Amino acid sequence: MPSSREPAGPLTSLFRSLHRELDHLFLRAREALFERRLDEARELFEAWEDALRAHAALEEALILPRADRAVEAGRAAAVAIYSGEHVRMLELAAAARGAVAALAARAEPPSTRELIALFDEQGTIRRLADHHQAREENILLPALERGLPAAELEALVERCRLRQ
Ligand SMILES: [Fe+2]
Ligand SMILES: [Fe+2]
């Protein structure tokens with residue numbers, strides 16, 4: 001793992017900011033839910049799930065195949081774990097989106113207990129996403145930056161910028 005004094009490389013910096021945007025969208029969606037602004041919460045949960053899906057697709061297309069080749073042999077198998085976590089996170093995001101849409105479609109407002117239950121359920125994806133993103137930022141992306149020739153890395157950063 002790189003030392004904290006080492007500045008992050010361009011790919012890691014880009015993905016850090018993409019992760020913070022996803023975190024911010026999820027927070028806004030949960031704030032709207034907490035305040036029972038249900039139509040807005042439904043739209044924000046939809047936007048968050050779409051953004052998470054697009055982000056995972058970007059990594060599946062451009063990051064993970066290269067990481068598989070570039071990352072040291074001992075770690076190559078670990079790349080598959082990221083794909084598995086994408087599948088799990090997208091399942092949980094779809095479930096959260098569906099639960100909020102069901103609440104928003106209902107005539108009566110949610111009780112406090114129902115809201116607490118929903119926030120508890122969302123805790124799983126929040127913790128999984130935090131852990132997943134931290135490993136991408138601290139292990140996977142720095143390893144990819146070390147493993148790629150400079151010109152290839154520069155081209156990859158550009159392609160990621162254009163896709164997102
Ligand atoms: Fe990821
Ligand atoms: Fe990511």
# chains A, B, ... in the order shown; residues from 1 in each chain; ligands from 1
call {"tool": "closest_atom_pairs", "arguments": {"of": "chain A", "to": "ligand 2", "cutoff": "8 Å", "atoms": "only C-alpha atoms and all ligand atoms", "output": "CSV"}}
result
residue,atom,partner,partner_atom_place_in_ligand_line,distance
A:Phe15,CA,ligand 2,1 (Fe),6.3
A:Leu18,CA,ligand 2,1 (Fe),7.5
A:His19,CA,ligand 2,1 (Fe),6.1
A:His55,CA,ligand 2,1 (Fe),6.4
A:Ala56,CA,ligand 2,1 (Fe),6.5
A:Glu59,CA,ligand 2,1 (Fe),6.7
A:His132,CA,ligand 2,1 (Fe),7.3
A:Gln133,CA,ligand 2,1 (Fe),5.4
A:Glu136,CA,ligand 2,1 (Fe),6.3
call {"tool": "residues_around", "arguments": {"residues": "Arg159 (chain A)", "least_positions_apart": "3", "cutoff": "12 Å", "atoms": "only C-alpha atoms", "output": "PDB file with C-alpha atoms, in the first residue's frame"}}
result
ATOM      1  CA  LEU A  11      -6.114   7.417 -12.149  1.00  0.00           C
ATOM      2  CA  LEU A  14      -9.955  10.602 -10.799  1.00  0.00           C
ATOM      3  CA  LEU A  58     -16.801   1.781 -16.480  1.00  0.00           C
ATOM      4  CA  GLU A  59     -14.554  -0.241 -14.182  1.00  0.00           C
ATOM      5  CA  ALA A  61     -14.823  -2.223 -19.221  1.00  0.00           C
ATOM      6  CA  LEU A  62     -11.652  -0.219 -18.641  1.00  0.00           C
ATOM      7  CA  ILE A  63     -10.106  -0.936 -15.245  1.00  0.00           C
ATOM      8  CA  GLU A 152      -0.870   3.854 -21.629  1.00  0.00           C
ATOM      9  CA  LEU A 153      -1.794   5.208 -18.204  1.00  0.00           C
ATOM     10  CA  GLU A 154      -2.329   8.690 -19.621  1.00  0.00           C
ATOM     11  CA  ALA A 155      -4.555   7.311 -22.396  1.00  0.00           C
ATOM     12  CA  LEU A 156      -6.544   5.257 -19.871  1.00  0.00           C
ATOM     13  CA  LEU A 162     -14.633  10.731 -21.397  1.00  0.00           C
ATOM     14  CA  ARG A 163     -16.755   7.704 -20.407  1.00  0.00           C
ATOM     15  CA  GLN A 164     -17.964   8.919 -17.033  1.00  0.00           C
TER      16      GLN A 164
END
call {"tool": "select_by_dssp", "arguments": {"residues": "chain A", "states": "helix (DSSP H, G or I)", "output": "PDB file with C-alpha atoms, in the first residue's frame"}}
result
ATOM      1  CA  PRO A  10      -3.915  10.522 -11.896  1.00  0.00           C
ATOM      2  CA  LEU A  11      -6.114   7.417 -12.149  1.00  0.00           C
ATOM      3  CA  THR A  12      -6.520   7.117  -8.375  1.00  0.00           C
ATOM      4  CA  SER A  13      -7.306  10.847  -8.100  1.00  0.00           C
ATOM      5  CA  LEU A  14      -9.955  10.602 -10.799  1.00  0.00           C
ATOM      6  CA  PHE A  15     -11.648   7.603  -9.171  1.00  0.00           C
ATOM      7  CA  ARG A  16     -11.450   9.189  -5.727  1.00  0.00           C
ATOM      8  CA  SER A  17     -13.479  12.114  -7.004  1.00  0.00           C
ATOM      9  CA  LEU A  18     -15.931   9.788  -8.820  1.00  0.00           C
ATOM     10  CA  HIS A  19     -16.399   7.824  -5.578  1.00  0.00           C
ATOM     11  CA  ARG A  20     -17.008  11.020  -3.596  1.00  0.00           C
ATOM     12  CA  GLU A  21     -19.679  12.045  -6.160  1.00  0.00           C
ATOM     13  CA  LEU A  22     -21.427   8.679  -5.703  1.00  0.00           C
ATOM     14  CA  ASP A  23     -21.209   9.036  -1.909  1.00  0.00           C
ATOM     15  CA  HIS A  24     -22.679  12.533  -2.112  1.00  0.00           C
ATOM     16  CA  LEU A  25     -25.582  11.407  -4.295  1.00  0.00           C
ATOM     17  CA  PHE A  26     -26.361   8.543  -1.884  1.00  0.00           C
ATOM     18  CA  LEU A  27     -26.241  10.973   1.060  1.00  0.00           C
ATOM     19  CA  ARG A  28     -28.631  13.381  -0.668  1.00  0.00           C
ATOM     20  CA  ALA A  29     -31.017  10.503  -1.419  1.00  0.00           C
ATOM     21  CA  ARG A  30     -30.940   9.398   2.235  1.00  0.00           C
ATOM     22  CA  GLU A  31     -31.437  12.962   3.474  1.00  0.00           C
ATOM     23  CA  ALA A  32     -34.558  13.276   1.321  1.00  0.00           C
ATOM     24  CA  LEU A  33     -35.824   9.944   2.665  1.00  0.00           C
ATOM     25  CA  PHE A  34     -35.074  10.939   6.262  1.00  0.00           C
ATOM     26  CA  LEU A  38     -40.540  10.886  -0.880  1.00  0.00           C
ATOM     27  CA  ASP A  39     -40.845  11.867  -4.544  1.00  0.00           C
ATOM     28  CA  GLU A  40     -37.453  13.534  -4.384  1.00  0.00           C
ATOM     29  CA  ALA A  41     -36.026  10.532  -2.499  1.00  0.00           C
ATOM     30  CA  ARG A  42     -37.347   8.180  -5.194  1.00  0.00           C
ATOM     31  CA  GLU A  43     -35.728  10.274  -7.951  1.00  0.00           C
ATOM     32  CA  LEU A  44     -32.439  10.528  -6.055  1.00  0.00           C
ATOM     33  CA  PHE A  45     -32.313   6.785  -5.332  1.00  0.00           C
ATOM     34  CA  GLU A  46     -32.949   6.150  -9.041  1.00  0.00           C
ATOM     35  CA  ALA A  47     -30.182   8.585 -10.009  1.00  0.00           C
ATOM     36  CA  TRP A  48     -27.797   7.017  -7.471  1.00  0.00           C
ATOM     37  CA  GLU A  49     -28.461   3.458  -8.645  1.00  0.00           C
ATOM     38  CA  ASP A  50     -28.030   4.500 -12.290  1.00  0.00           C
ATOM     39  CA  ALA A  51     -24.755   6.277 -11.431  1.00  0.00           C
ATOM     40  CA  LEU A  52     -23.483   3.276  -9.457  1.00  0.00           C
ATOM     41  CA  ARG A  53     -24.359   0.963 -12.381  1.00  0.00           C
ATOM     42  CA  ALA A  54     -22.536   3.231 -14.850  1.00  0.00           C
ATOM     43  CA  HIS A  55     -19.530   3.453 -12.535  1.00  0.00           C
ATOM     44  CA  ALA A  56     -19.308  -0.337 -12.182  1.00  0.00           C
ATOM     45  CA  ALA A  57     -19.657  -0.695 -15.977  1.00  0.00           C
ATOM     46  CA  LEU A  58     -16.801   1.781 -16.480  1.00  0.00           C
ATOM     47  CA  GLU A  59     -14.554  -0.241 -14.182  1.00  0.00           C
ATOM     48  CA  GLU A  60     -15.604  -3.553 -15.729  1.00  0.00           C
ATOM     49  CA  ALA A  61     -14.823  -2.223 -19.221  1.00  0.00           C
ATOM     50  CA  LEU A  62     -11.652  -0.219 -18.641  1.00  0.00           C
ATOM     51  CA  ILE A  63     -10.106  -0.936 -15.245  1.00  0.00           C
ATOM     52  CA  LEU A  64     -10.552  -4.580 -14.241  1.00  0.00           C
ATOM     53  CA  PRO A  65      -9.334  -6.205 -17.500  1.00  0.00           C
ATOM     54  CA  ARG A  66      -6.150  -4.094 -17.359  1.00  0.00           C
ATOM     55  CA  ALA A  67      -5.709  -4.678 -13.654  1.00  0.00           C
ATOM     56  CA  ASP A  68      -5.901  -8.397 -14.271  1.00  0.00           C
ATOM     57  CA  ARG A  69      -2.908  -8.123 -16.602  1.00  0.00           C
ATOM     58  CA  ALA A  70      -0.932  -5.384 -14.848  1.00  0.00           C
ATOM     59  CA  ALA A  73       0.683 -12.171 -10.291  1.00  0.00           C
ATOM     60  CA  GLY A  74      -0.038 -12.887  -6.630  1.00  0.00           C
ATOM     61  CA  ARG A  75      -2.843 -10.372  -6.584  1.00  0.00           C
ATOM     62  CA  ALA A  76      -4.363 -11.127  -9.991  1.00  0.00           C
ATOM     63  CA  VAL A  79      -9.364  -8.660  -9.277  1.00  0.00           C
ATOM     64  CA  ALA A  80     -12.299 -11.074  -9.604  1.00  0.00           C
ATOM     65  CA  ILE A  81     -13.409 -10.098  -6.095  1.00  0.00           C
ATOM     66  CA  TYR A  82     -14.112  -6.549  -7.291  1.00  0.00           C
ATOM     67  CA  SER A  83     -16.466  -7.865  -9.987  1.00  0.00           C
ATOM     68  CA  GLY A  84     -18.304  -9.994  -7.448  1.00  0.00           C
ATOM     69  CA  GLU A  85     -18.720  -6.969  -5.183  1.00  0.00           C
ATOM     70  CA  HIS A  86     -20.105  -4.923  -8.092  1.00  0.00           C
ATOM     71  CA  VAL A  87     -22.808  -7.557  -8.594  1.00  0.00           C
ATOM     72  CA  ARG A  88     -23.652  -7.562  -4.864  1.00  0.00           C
ATOM     73  CA  MET A  89     -23.680  -3.753  -4.570  1.00  0.00           C
ATOM     74  CA  LEU A  90     -25.961  -3.410  -7.604  1.00  0.00           C
ATOM     75  CA  GLU A  91     -28.378  -5.972  -6.145  1.00  0.00           C
ATOM     76  CA  LEU A  92     -28.494  -4.035  -2.876  1.00  0.00           C
ATOM     77  CA  ALA A  93     -28.874  -0.693  -4.685  1.00  0.00           C
ATOM     78  CA  ALA A  94     -31.763  -2.061  -6.768  1.00  0.00           C
ATOM     79  CA  ALA A  95     -33.432  -3.334  -3.580  1.00  0.00           C
ATOM     80  CA  ALA A  96     -33.021   0.063  -1.881  1.00  0.00           C
ATOM     81  CA  ARG A  97     -34.378   1.850  -4.945  1.00  0.00           C
ATOM     82  CA  GLY A  98     -37.376  -0.504  -5.067  1.00  0.00           C
ATOM     83  CA  ALA A  99     -38.130  -0.077  -1.361  1.00  0.00           C
ATOM     84  CA  VAL A 100     -38.092   3.717  -1.633  1.00  0.00           C
ATOM     85  CA  ALA A 101     -40.241   3.655  -4.801  1.00  0.00           C
ATOM     86  CA  ALA A 102     -42.784   1.458  -2.985  1.00  0.00           C
ATOM     87  CA  LEU A 103     -42.938   3.923  -0.076  1.00  0.00           C
ATOM     88  CA  ALA A 104     -43.320   6.894  -2.433  1.00  0.00           C
ATOM     89  CA  ALA A 105     -46.199   5.165  -4.266  1.00  0.00           C
ATOM     90  CA  THR A 112     -40.492   6.269  11.856  1.00  0.00           C
ATOM     91  CA  ARG A 113     -39.986   2.527  12.423  1.00  0.00           C
ATOM     92  CA  GLU A 114     -40.271   1.858   8.696  1.00  0.00           C
ATOM     93  CA  LEU A 115     -37.678   4.536   7.980  1.00  0.00           C
ATOM     94  CA  ILE A 116     -35.327   3.141  10.628  1.00  0.00           C
ATOM     95  CA  ALA A 117     -35.707  -0.344   9.091  1.00  0.00           C
ATOM     96  CA  LEU A 118     -34.854   1.027   5.644  1.00  0.00           C
ATOM     97  CA  PHE A 119     -31.772   2.879   6.908  1.00  0.00           C
ATOM     98  CA  ASP A 120     -30.646  -0.292   8.682  1.00  0.00           C
ATOM     99  CA  GLU A 121     -30.983  -2.254   5.414  1.00  0.00           C
ATOM    100  CA  GLN A 122     -29.004   0.422   3.556  1.00  0.00           C
ATOM    101  CA  GLY A 123     -26.182   0.084   6.083  1.00  0.00           C
ATOM    102  CA  THR A 124     -24.991  -3.063   4.302  1.00  0.00           C
ATOM    103  CA  ILE A 125     -24.412  -1.377   0.961  1.00  0.00           C
ATOM    104  CA  ARG A 126     -22.917   1.704   2.607  1.00  0.00           C
ATOM    105  CA  ARG A 127     -20.311  -0.391   4.432  1.00  0.00           C
ATOM    106  CA  LEU A 128     -19.643  -2.583   1.390  1.00  0.00           C
ATOM    107  CA  ALA A 129     -19.236   0.466  -0.878  1.00  0.00           C
ATOM    108  CA  ASP A 130     -16.912   2.206   1.635  1.00  0.00           C
ATOM    109  CA  HIS A 131     -14.701  -0.864   1.867  1.00  0.00           C
ATOM    110  CA  HIS A 132     -14.771  -1.554  -1.878  1.00  0.00           C
ATOM    111  CA  GLN A 133     -13.920   2.038  -2.819  1.00  0.00           C
ATOM    112  CA  ALA A 134     -11.131   2.234  -0.237  1.00  0.00           C
ATOM    113  CA  ARG A 135      -9.511  -0.920  -1.665  1.00  0.00           C
ATOM    114  CA  GLU A 136      -9.800   0.453  -5.197  1.00  0.00           C
ATOM    115  CA  GLU A 137      -8.213   3.745  -4.128  1.00  0.00           C
ATOM    116  CA  ASN A 138      -5.515   2.254  -1.892  1.00  0.00           C
ATOM    117  CA  ILE A 139      -4.609  -1.023  -3.612  1.00  0.00           C
ATOM    118  CA  LEU A 140      -6.082  -1.707  -7.062  1.00  0.00           C
ATOM    119  CA  LEU A 141      -5.657   1.653  -8.791  1.00  0.00           C
ATOM    120  CA  PRO A 142      -2.158   2.407  -7.408  1.00  0.00           C
ATOM    121  CA  ALA A 143      -1.073  -1.120  -8.475  1.00  0.00           C
ATOM    122  CA  LEU A 144      -2.467  -0.475 -11.943  1.00  0.00           C
ATOM    123  CA  GLU A 145      -0.642   2.869 -12.085  1.00  0.00           C
ATOM    124  CA  ARG A 146       2.635   1.146 -11.182  1.00  0.00           C
ATOM    125  CA  GLY A 147       2.056  -1.627 -13.726  1.00  0.00           C
ATOM    126  CA  ALA A 150       3.199   6.067 -18.688  1.00  0.00           C
ATOM    127  CA  ALA A 151       1.652   6.634 -22.140  1.00  0.00           C
ATOM    128  CA  GLU A 152      -0.870   3.854 -21.629  1.00  0.00           C
ATOM    129  CA  LEU A 153      -1.794   5.208 -18.204  1.00  0.00           C
ATOM    130  CA  GLU A 154      -2.329   8.690 -19.621  1.00  0.00           C
ATOM    131  CA  ALA A 155      -4.555   7.311 -22.396  1.00  0.00           C
ATOM    132  CA  LEU A 156      -6.544   5.257 -19.871  1.00  0.00           C
ATOM    133  CA  VAL A 157      -7.169   8.284 -17.625  1.00  0.00           C
ATOM    134  CA  GLU A 158      -8.441  10.183 -20.653  1.00  0.00           C
ATOM    135  CA  ARG A 159     -10.744   7.359 -21.714  1.00  0.00           C
ATOM    136  CA  CYS A 160     -12.158   7.099 -18.195  1.00  0.00           C
ATOM    137  CA  ARG A 161     -12.747  10.867 -18.092  1.00  0.00           C
ATOM    138  CA  LEU A 162     -14.633  10.731 -21.397  1.00  0.00           C
ATOM    139  CA  ARG A 163     -16.755   7.704 -20.407  1.00  0.00           C
TER     140      ARG A 163
END
